[in-house]
Amino acid sequence: MSKAQTINADFAVSRTHLQRRPLFFLSLFAVLLVLVVVVLGAFTRLSDAGLGCPDWPGCYGHLTWPKTTEDVALAEARFPETPVEHDKTWPEMVHRYFAGTLGLVIFAIAWLSWRAHRTDRAIPLRLPLFLAGLVILQAAFGMWTVTLKLWPQVVTAHLLGGFATAAGLWLLVLRLSGWKFPSIKFSPGLKTLAAIGLLAVVIQIALGGWTSANYAAIACPDLPTCHGVWWPPADFLQGFNIFQHVGPNYLGGLLDNHARTAIHFTHRLGAVTVTLILITLAISLWRSGAWGRKMTVVLLAVLTLQVGLGISNVYWVLPLPVAVAHNGVGLVLLLVLVALNYGLRKQQHV
């Protein structure tokens, strides 16, 4: 390679580095922000504040929420069926403001990626554009959550959209980081097992969202049995009826006890299944070398914490801090699986 070619190559590497840095740090900030948004969303949902504001995007016609006596009187005159409850209005609006800020940050990431991609094809573009489209869809789900009065299908989809946004942003951070993954020895089936683990966690998150949206978190009040038996009476057909009518107010849930038991019990079975899959993954990962052992420790630590929080939710009858933490740690577990799958696909099989 000639001196001129060497200089040009060094310049290209330097330019790529300069373009990646702002995108990397902005994407990392977005990951931290989406963690806050998910936790705030869980707090809003679990404190029954999902309909704290009967309109969207404002709150009783306000940019924030009605605070003074005059504002409250005017708001209740406009919305006579939904009296102002201050302990529910502010969580809803704080969540909306953080979610809106996250949307603006994601749009900035998409714009910067588009600009950088024109001169450097190595800069990811499709993922940032996908995230920009996803955040628009999330805004629509946020609106429908209010206008359709906590319809479980929309509430669950909104939660899954938030987790998908977090996973996509975290994947973007990994791609922009330039981190080097050491070559390790691993069994041929490890990548497949890691992918199965990721899929199992996603399905369990969806089950958790459906459990929360249908107010079934304490449908089984005892452990390890449910209503004192190992296989309780349950109505799985109604519990997983995704064709519930749109229109009623779903605050507090509309399903009977047998249907809620079916949802909760399925979530428990899912938790046992996910735990067994991830323990199997951890054993295989531990045997793959130093990097695998580090990831194993992280994976098992987060899994243990999440299982403990799930048990605590039942034992202490869904205390708000524990229930919110269960959502947050569930997201962290998802991000660990995303990082693990990404790292394994970057490995040079030795």
# chains A, B, ... in the order shown; residues from 1 in each chain; ligands from 1
call {"tool": "residues_around", "arguments": {"residues": "region 207-221 of chain A", "least_positions_apart": "4", "cutoff": "8 Å", "atoms": "only C-alpha atoms", "output": "JSON, numbers by chain"}}
result
{"A": [46, 150, 151, 152, 153, 155, 156, 159, 160, 203, 226, 227, 252, 253, 254, 255, 257, 260, 261, 263, 264, 265, 266, 267, 270, 313, 314, 315, 317, 318]}
call {"tool": "write_last_selection", "arguments": {"atoms": "C-alpha atoms", "output": "mmCIF file, in the first residue's frame"}}
result
data_model
loop_
_atom_site.group_PDB
_atom_site.id
_atom_site.type_symbol
_atom_site.label_atom_id
_atom_site.label_comp_id
_atom_site.auth_asym_id
_atom_site.auth_seq_id
_atom_site.Cartn_x
_atom_site.Cartn_y
_atom_site.Cartn_z
ATOM 1 C CA LEU A 46 -49.448 -0.366 38.539
ATOM 2 C CA LEU A 150 -56.883 0.462 28.922
ATOM 3 C CA TRP A 151 -57.964 -2.177 26.405
ATOM 4 C CA PRO A 152 -55.634 -5.085 27.373
ATOM 5 C CA GLN A 153 -54.492 -5.748 23.800
ATOM 6 C CA VAL A 155 -51.738 -2.003 26.898
ATOM 7 C CA THR A 156 -49.771 -5.195 26.235
ATOM 8 C CA LEU A 159 -45.440 -2.491 26.826
ATOM 9 C CA LEU A 160 -43.914 -4.752 24.165
ATOM 10 C CA ILE A 203 -42.620 -14.488 25.255
ATOM 11 C CA CYS A 226 -52.146 -21.812 43.347
ATOM 12 C CA HIS A 227 -55.271 -21.726 45.527
ATOM 13 C CA GLY A 252 -59.462 -2.917 37.353
ATOM 14 C CA GLY A 253 -60.072 -5.605 34.731
ATOM 15 C CA LEU A 254 -63.258 -7.307 33.525
ATOM 16 C CA LEU A 255 -62.301 -11.002 33.577
ATOM 17 C CA ASN A 257 -61.373 -15.178 38.708
ATOM 18 C CA ARG A 260 -57.328 -14.379 35.684
ATOM 19 C CA THR A 261 -56.053 -17.550 37.327
ATOM 20 C CA ILE A 263 -53.293 -15.946 32.932
ATOM 21 C CA HIS A 264 -51.338 -15.879 36.186
ATOM 22 C CA PHE A 265 -50.719 -19.625 36.190
ATOM 23 C CA THR A 266 -49.460 -19.514 32.603
ATOM 24 C CA HIS A 267 -47.092 -16.698 33.554
ATOM 25 C CA GLY A 270 -43.464 -19.462 31.695
ATOM 26 C CA ASN A 313 -44.883 -9.917 44.298
ATOM 27 C CA VAL A 314 -47.006 -12.901 45.293
ATOM 28 C CA TYR A 315 -45.735 -13.250 48.847
ATOM 29 C CA VAL A 317 -49.355 -9.089 47.530
ATOM 30 C CA LEU A 318 -47.904 -6.896 44.797
#
call {"tool": "residues_around", "arguments": {"residues": "Ile109 (chain A)", "least_positions_apart": "6", "cutoff": "10 Å", "atoms": "only C-alpha atoms", "output": "list in words"}}
result
Pro22, Leu23, Phe24, Leu26, Ser27, Ala30, Gly103, Arg115, Leu125, Pro128, Leu129, Leu131, Ala132 and Leu169 of chain A
call {"tool": "select_by_dssp", "arguments": {"residues": "region 121-287 of chain A", "states": "helix (DSSP H, G or I)", "output": "compact mmCIF listing (two decimals) with C-alpha atoms, in the first residue's frame"}}
result
# COMPACT_ATOMS: atom_id res chain seq x y z
CA ARG A 126 -31.93 0.80 8.84
CA LEU A 127 -32.02 0.22 12.60
CA PRO A 128 -32.28 3.95 13.49
CA LEU A 129 -35.01 4.42 10.87
CA PHE A 130 -36.86 1.38 12.23
CA LEU A 131 -36.63 2.85 15.74
CA ALA A 132 -38.00 6.18 14.49
CA GLY A 133 -40.98 4.37 12.98
CA LEU A 134 -41.43 2.31 16.13
CA VAL A 135 -41.52 5.37 18.37
CA ILE A 136 -44.29 6.86 16.20
CA LEU A 137 -46.24 3.62 16.63
CA GLN A 138 -45.56 3.78 20.37
CA ALA A 139 -47.06 7.27 20.50
CA ALA A 140 -50.17 5.89 18.81
CA PHE A 141 -50.35 3.05 21.34
CA GLY A 142 -50.02 5.61 24.13
CA MET A 143 -52.97 7.53 22.70
CA TRP A 144 -55.06 4.36 22.21
CA THR A 145 -54.30 3.27 25.77
CA VAL A 146 -56.25 6.33 26.91
CA THR A 147 -58.92 6.56 24.21
CA PRO A 152 -55.63 -5.09 27.37
CA GLN A 153 -54.49 -5.75 23.80
CA VAL A 154 -53.28 -2.16 23.42
CA VAL A 155 -51.74 -2.00 26.90
CA THR A 156 -49.77 -5.20 26.24
CA ALA A 157 -48.70 -4.02 22.78
CA HIS A 158 -47.60 -0.69 24.27
CA LEU A 159 -45.44 -2.49 26.83
CA LEU A 160 -43.91 -4.75 24.16
CA GLY A 161 -43.22 -1.71 21.99
CA GLY A 162 -41.35 -0.07 24.85
CA PHE A 163 -39.23 -3.16 25.42
CA ALA A 164 -38.59 -3.50 21.68
CA THR A 165 -37.47 0.14 21.55
CA ALA A 166 -35.04 -0.48 24.42
CA ALA A 167 -33.67 -3.63 22.77
CA GLY A 168 -33.23 -1.86 19.43
CA LEU A 169 -31.42 1.08 21.02
CA TRP A 170 -29.16 -1.28 22.98
CA LEU A 171 -28.34 -3.19 19.80
CA LEU A 172 -27.47 0.11 18.12
CA VAL A 173 -25.14 0.97 21.02
CA LEU A 174 -23.42 -2.41 20.62
CA ARG A 175 -22.99 -1.91 16.89
CA LEU A 176 -21.61 1.61 17.30
CA SER A 177 -19.33 0.76 20.23
CA LEU A 190 -24.66 -22.37 21.94
CA LYS A 191 -25.81 -19.72 19.47
CA THR A 192 -29.08 -21.57 18.95
CA LEU A 193 -29.57 -21.97 22.70
CA ALA A 194 -28.92 -18.25 23.23
CA ALA A 195 -31.48 -17.40 20.53
CA ILE A 196 -34.01 -19.71 22.20
CA GLY A 197 -33.31 -18.00 25.52
CA LEU A 198 -33.94 -14.60 23.98
CA LEU A 199 -37.20 -15.77 22.39
CA ALA A 200 -38.32 -17.34 25.68
CA VAL A 201 -37.68 -14.07 27.55
CA VAL A 202 -39.65 -12.11 24.94
CA ILE A 203 -42.62 -14.49 25.25
CA GLN A 204 -42.43 -14.26 29.06
CA ILE A 205 -42.42 -10.46 28.87
CA ALA A 206 -45.53 -10.62 26.70
CA LEU A 207 -47.17 -12.92 29.26
CA GLY A 208 -46.20 -10.50 32.01
CA GLY A 209 -47.73 -7.63 30.08
CA TRP A 210 -50.95 -9.59 29.54
CA THR A 211 -51.01 -10.49 33.25
CA SER A 212 -50.65 -6.86 34.26
CA ALA A 213 -53.11 -5.54 31.66
CA PHE A 236 -57.73 -20.48 29.59
CA LEU A 237 -60.15 -19.79 26.73
CA GLN A 238 -61.41 -16.57 28.30
CA GLY A 239 -58.07 -15.70 29.89
CA ASN A 257 -61.37 -15.18 38.71
CA HIS A 258 -60.94 -18.38 36.71
CA ALA A 259 -59.80 -16.44 33.64
CA ARG A 260 -57.33 -14.38 35.68
CA THR A 261 -56.05 -17.55 37.33
CA ALA A 262 -55.37 -19.00 33.87
CA ILE A 263 -53.29 -15.95 32.93
CA HIS A 264 -51.34 -15.88 36.19
CA PHE A 265 -50.72 -19.62 36.19
CA THR A 266 -49.46 -19.51 32.60
CA HIS A 267 -47.09 -16.70 33.55
CA ARG A 268 -45.78 -18.87 36.40
CA LEU A 269 -45.24 -21.82 34.06
CA GLY A 270 -43.46 -19.46 31.69
CA ALA A 271 -41.20 -18.27 34.50
CA VAL A 272 -40.20 -21.87 35.34
CA THR A 273 -39.58 -22.62 31.64
CA VAL A 274 -37.47 -19.49 31.11
CA THR A 275 -35.46 -20.21 34.26
CA LEU A 276 -34.65 -23.76 33.12
CA ILE A 277 -33.69 -22.57 29.62
CA LEU A 278 -31.42 -19.82 30.94
CA ILE A 279 -29.76 -22.12 33.48
CA THR A 280 -29.04 -24.57 30.66
CA LEU A 281 -27.66 -21.67 28.61
CA ALA A 282 -25.52 -20.52 31.56
CA ILE A 283 -23.97 -23.99 32.00
CA SER A 284 -23.04 -24.15 28.32
CA LEU A 285 -21.81 -20.56 28.35
CA TRP A 286 -19.63 -21.11 31.43
call {"tool": "atom_distance", "arguments": {"atom1": "CA of Thr89 (chain A)", "atom2": "CA of Leu32 (chain A)"}}
result
24.3 Å
call {"tool": "residues_around", "arguments": {"residues": "Val298 (chain A)", "least_positions_apart": "2", "cutoff": "12 Å", "atoms": "only C-alpha atoms", "output": "MDAnalysis selection string"}}
result
chainID A and resid 278 282 285:286 291:296 300:305 332:333 335:337 339:340
call {"tool": "residues_around", "arguments": {"residues": "region 80-87 of chain A", "least_positions_apart": "6", "cutoff": "10 Å", "atoms": "only C-alpha atoms", "output": "ChimeraX atom specification"}}
result
/A:47-49,51-54,59-60,65-67,71-74
call {"tool": "write_last_selection", "arguments": {"atoms": "N, CA and C atoms", "output": "PDB file, in the first residue's frame"}}
result
ATOM      1  N   SER A  47     -49.995   1.803  39.508  1.00  0.00           N
ATOM      2  CA  SER A  47     -50.679   2.680  40.476  1.00  0.00           C
ATOM      3  C   SER A  47     -52.059   3.086  39.972  1.00  0.00           C
ATOM      4  N   ASP A  48     -52.531   2.387  38.933  1.00  0.00           N
ATOM      5  CA  ASP A  48     -53.860   2.621  38.353  1.00  0.00           C
ATOM      6  C   ASP A  48     -54.027   4.054  37.862  1.00  0.00           C
ATOM      7  N   ALA A  49     -52.924   4.625  37.336  1.00  0.00           N
ATOM      8  CA  ALA A  49     -52.966   5.997  36.829  1.00  0.00           C
ATOM      9  C   ALA A  49     -53.010   6.050  35.311  1.00  0.00           C
ATOM     10  N   LEU A  51     -55.437   6.001  33.344  1.00  0.00           N
ATOM     11  CA  LEU A  51     -56.492   6.908  32.887  1.00  0.00           C
ATOM     12  C   LEU A  51     -56.546   8.145  33.778  1.00  0.00           C
ATOM     13  N   GLY A  52     -55.380   8.493  34.362  1.00  0.00           N
ATOM     14  CA  GLY A  52     -55.315   9.690  35.196  1.00  0.00           C
ATOM     15  C   GLY A  52     -55.629  10.949  34.433  1.00  0.00           C
ATOM     16  N   CYS A  53     -55.391  10.918  33.110  1.00  0.00           N
ATOM     17  CA  CYS A  53     -55.774  12.015  32.217  1.00  0.00           C
ATOM     18  C   CYS A  53     -56.701  11.426  31.157  1.00  0.00           C
ATOM     19  N   PRO A  54     -57.941  11.896  31.064  1.00  0.00           N
ATOM     20  CA  PRO A  54     -58.908  11.280  30.153  1.00  0.00           C
ATOM     21  C   PRO A  54     -58.714  11.660  28.692  1.00  0.00           C
ATOM     22  N   CYS A  59     -53.681  16.955  29.437  1.00  0.00           N
ATOM     23  CA  CYS A  59     -54.330  16.369  30.605  1.00  0.00           C
ATOM     24  C   CYS A  59     -55.439  17.320  31.045  1.00  0.00           C
ATOM     25  N   TYR A  60     -56.684  16.931  30.776  1.00  0.00           N
ATOM     26  CA  TYR A  60     -57.836  17.788  31.038  1.00  0.00           C
ATOM     27  C   TYR A  60     -57.678  19.127  30.310  1.00  0.00           C
ATOM     28  N   TRP A  65     -50.989  19.410  34.106  1.00  0.00           N
ATOM     29  CA  TRP A  65     -52.225  18.870  34.671  1.00  0.00           C
ATOM     30  C   TRP A  65     -52.853  19.956  35.544  1.00  0.00           C
ATOM     31  N   PRO A  66     -54.160  19.922  35.757  1.00  0.00           N
ATOM     32  CA  PRO A  66     -54.804  20.971  36.552  1.00  0.00           C
ATOM     33  C   PRO A  66     -54.319  20.951  37.997  1.00  0.00           C
ATOM     34  N   LYS A  67     -53.900  22.129  38.490  1.00  0.00           N
ATOM     35  CA  LYS A  67     -53.333  22.202  39.838  1.00  0.00           C
ATOM     36  C   LYS A  67     -54.175  23.080  40.768  1.00  0.00           C
ATOM     37  N   ASP A  71     -58.631  25.549  38.106  1.00  0.00           N
ATOM     38  CA  ASP A  71     -58.328  24.625  37.016  1.00  0.00           C
ATOM     39  C   ASP A  71     -59.027  23.283  37.209  1.00  0.00           C
ATOM     40  N   VAL A  72     -59.052  22.799  38.441  1.00  0.00           N
ATOM     41  CA  VAL A  72     -59.702  21.519  38.720  1.00  0.00           C
ATOM     42  C   VAL A  72     -61.198  21.614  38.465  1.00  0.00           C
ATOM     43  N   ALA A  73     -61.817  22.707  38.888  1.00  0.00           N
ATOM     44  CA  ALA A  73     -63.256  22.884  38.668  1.00  0.00           C
ATOM     45  C   ALA A  73     -63.581  22.926  37.184  1.00  0.00           C
ATOM     46  N   LEU A  74     -62.764  23.634  36.408  1.00  0.00           N
ATOM     47  CA  LEU A  74     -62.977  23.713  34.962  1.00  0.00           C
ATOM     48  C   LEU A  74     -62.776  22.349  34.316  1.00  0.00           C
TER      49      LEU A  74
END
call {"tool": "atom_distance", "arguments": {"atom1": "CA of Trp179 (chain A)", "atom2": "CA of Val39 (chain A)"}}
result
28.2 Å
call {"tool": "select_by_dssp", "arguments": {"residues": "region 49-289 of chain A", "states": "strand (DSSP E or B)", "output": "list in words"}}
result
Cys59, His62, Cys226 and Val229 of chain A
call {"tool": "closest_residue", "arguments": {"among": "A:Leu251, A:Leu102, A:Ala116, A:Leu35", "to": "Leu148 (chain A)", "atoms": "only C-alpha atoms"}}
result
A:Leu251
call {"tool": "atom_distance", "arguments": {"atom1": "CA of Gly189 (chain A)", "atom2": "CA of Leu331 (chain A)"}}
result
25.3 Å
call {"tool": "residues_around", "arguments": {"residues": "His326 (chain A)", "least_positions_apart": "6", "cutoff": "9 Å", "atoms": "only C-alpha atoms", "output": "mmCIF file with N, CA and C atoms, in the first residue's frame"}}
result
data_model
loop_
_atom_site.group_PDB
_atom_site.id
_atom_site.type_symbol
_atom_site.label_atom_id
_atom_site.label_comp_id
_atom_site.auth_asym_id
_atom_site.auth_seq_id
_atom_site.Cartn_x
_atom_site.Cartn_y
_atom_site.Cartn_z
ATOM 1 N N LEU A 305 -32.345 -12.239 40.517
ATOM 2 C CA LEU A 305 -33.049 -11.062 41.027
ATOM 3 C C LEU A 305 -34.478 -11.011 40.501
ATOM 4 N N GLN A 306 -34.649 -11.305 39.217
ATOM 5 C CA GLN A 306 -35.978 -11.246 38.615
ATOM 6 C C GLN A 306 -36.908 -12.302 39.198
ATOM 7 N N VAL A 307 -36.408 -13.511 39.384
ATOM 8 C CA VAL A 307 -37.223 -14.571 39.984
ATOM 9 C C VAL A 307 -37.594 -14.197 41.419
ATOM 10 N N GLY A 308 -36.634 -13.638 42.153
ATOM 11 C CA GLY A 308 -36.913 -13.217 43.527
ATOM 12 C C GLY A 308 -37.974 -12.139 43.598
ATOM 13 N N LEU A 309 -37.925 -11.192 42.662
ATOM 14 C CA LEU A 309 -38.942 -10.136 42.630
ATOM 15 C C LEU A 309 -40.313 -10.706 42.286
ATOM 16 N N GLY A 310 -40.348 -11.677 41.373
ATOM 17 C CA GLY A 310 -41.621 -12.298 41.023
ATOM 18 C C GLY A 310 -42.244 -13.018 42.206
ATOM 19 N N ASN A 313 -43.603 -10.506 44.703
ATOM 20 C CA ASN A 313 -44.883 -9.917 44.298
ATOM 21 C C ASN A 313 -46.058 -10.725 44.830
#
call {"tool": "decode", "arguments": {"residues": "region 74-140 of chain A", "atoms": "C-alpha atoms", "output": "short mmCIF file (atom, residue, chain, number, x, y, z; two decimals), in the first residue's frame"}}
result
data_model
loop_
_atom_site.label_atom_id
_atom_site.label_comp_id
_atom_site.auth_asym_id
_atom_site.auth_seq_id
_atom_site.Cartn_x
_atom_site.Cartn_y
_atom_site.Cartn_z
CA LEU A 74 -62.98 23.71 34.96
CA ALA A 75 -61.45 20.29 34.19
CA GLU A 76 -64.24 18.45 35.99
CA ALA A 77 -66.82 20.54 34.17
CA ARG A 78 -65.28 19.49 30.85
CA PHE A 79 -64.93 15.84 31.88
CA PRO A 80 -67.75 15.22 34.38
CA GLU A 81 -67.33 11.42 34.26
CA THR A 82 -63.66 11.54 35.32
CA PRO A 83 -63.01 13.66 38.42
CA VAL A 84 -59.46 14.94 38.85
CA GLU A 85 -57.27 12.73 41.05
CA HIS A 86 -53.92 14.42 41.59
CA ASP A 87 -52.17 11.19 42.63
CA LYS A 88 -53.00 9.83 39.17
CA THR A 89 -52.66 12.86 36.90
CA TRP A 90 -49.00 13.64 37.57
CA PRO A 91 -47.62 10.10 37.00
CA GLU A 92 -49.40 9.93 33.65
CA MET A 93 -48.09 13.29 32.46
CA VAL A 94 -44.54 12.77 33.75
CA HIS A 95 -44.48 9.49 31.83
CA ARG A 96 -45.71 11.26 28.70
CA TYR A 97 -43.05 13.97 28.96
CA PHE A 98 -40.22 11.48 29.34
CA ALA A 99 -41.63 9.37 26.49
CA GLY A 100 -41.89 12.47 24.29
CA THR A 101 -38.28 13.38 25.08
CA LEU A 102 -37.20 9.86 24.18
CA GLY A 103 -39.01 10.20 20.86
CA LEU A 104 -37.14 13.41 20.05
CA VAL A 105 -33.82 11.77 20.92
CA ILE A 106 -34.59 8.81 18.64
CA PHE A 107 -35.50 11.16 15.79
CA ALA A 108 -32.15 12.94 16.34
CA ILE A 109 -30.36 9.58 16.18
CA ALA A 110 -32.15 8.71 12.93
CA TRP A 111 -31.25 12.10 11.41
CA LEU A 112 -27.59 11.90 12.44
CA SER A 113 -27.41 8.32 11.14
CA TRP A 114 -28.86 9.37 7.80
CA ARG A 115 -26.34 12.21 7.47
CA ALA A 116 -23.40 10.01 8.43
CA HIS A 117 -24.53 7.09 6.26
CA ARG A 118 -24.34 9.24 3.12
CA THR A 119 -20.56 9.44 3.46
CA ASP A 120 -19.89 6.23 5.40
CA ARG A 121 -21.92 3.12 4.62
CA ALA A 122 -20.57 1.45 7.77
CA ILE A 123 -22.81 3.67 9.90
CA PRO A 124 -26.08 1.80 10.66
CA LEU A 125 -29.14 3.36 9.03
CA ARG A 126 -31.93 0.80 8.84
CA LEU A 127 -32.02 0.22 12.60
CA PRO A 128 -32.28 3.95 13.49
CA LEU A 129 -35.01 4.42 10.87
CA PHE A 130 -36.86 1.38 12.23
CA LEU A 131 -36.63 2.85 15.74
CA ALA A 132 -38.00 6.18 14.49
CA GLY A 133 -40.98 4.37 12.98
CA LEU A 134 -41.43 2.31 16.13
CA VAL A 135 -41.52 5.37 18.37
CA ILE A 136 -44.29 6.86 16.20
CA LEU A 137 -46.24 3.62 16.63
CA GLN A 138 -45.56 3.78 20.37
CA ALA A 139 -47.06 7.27 20.50
CA ALA A 140 -50.17 5.89 18.81
#
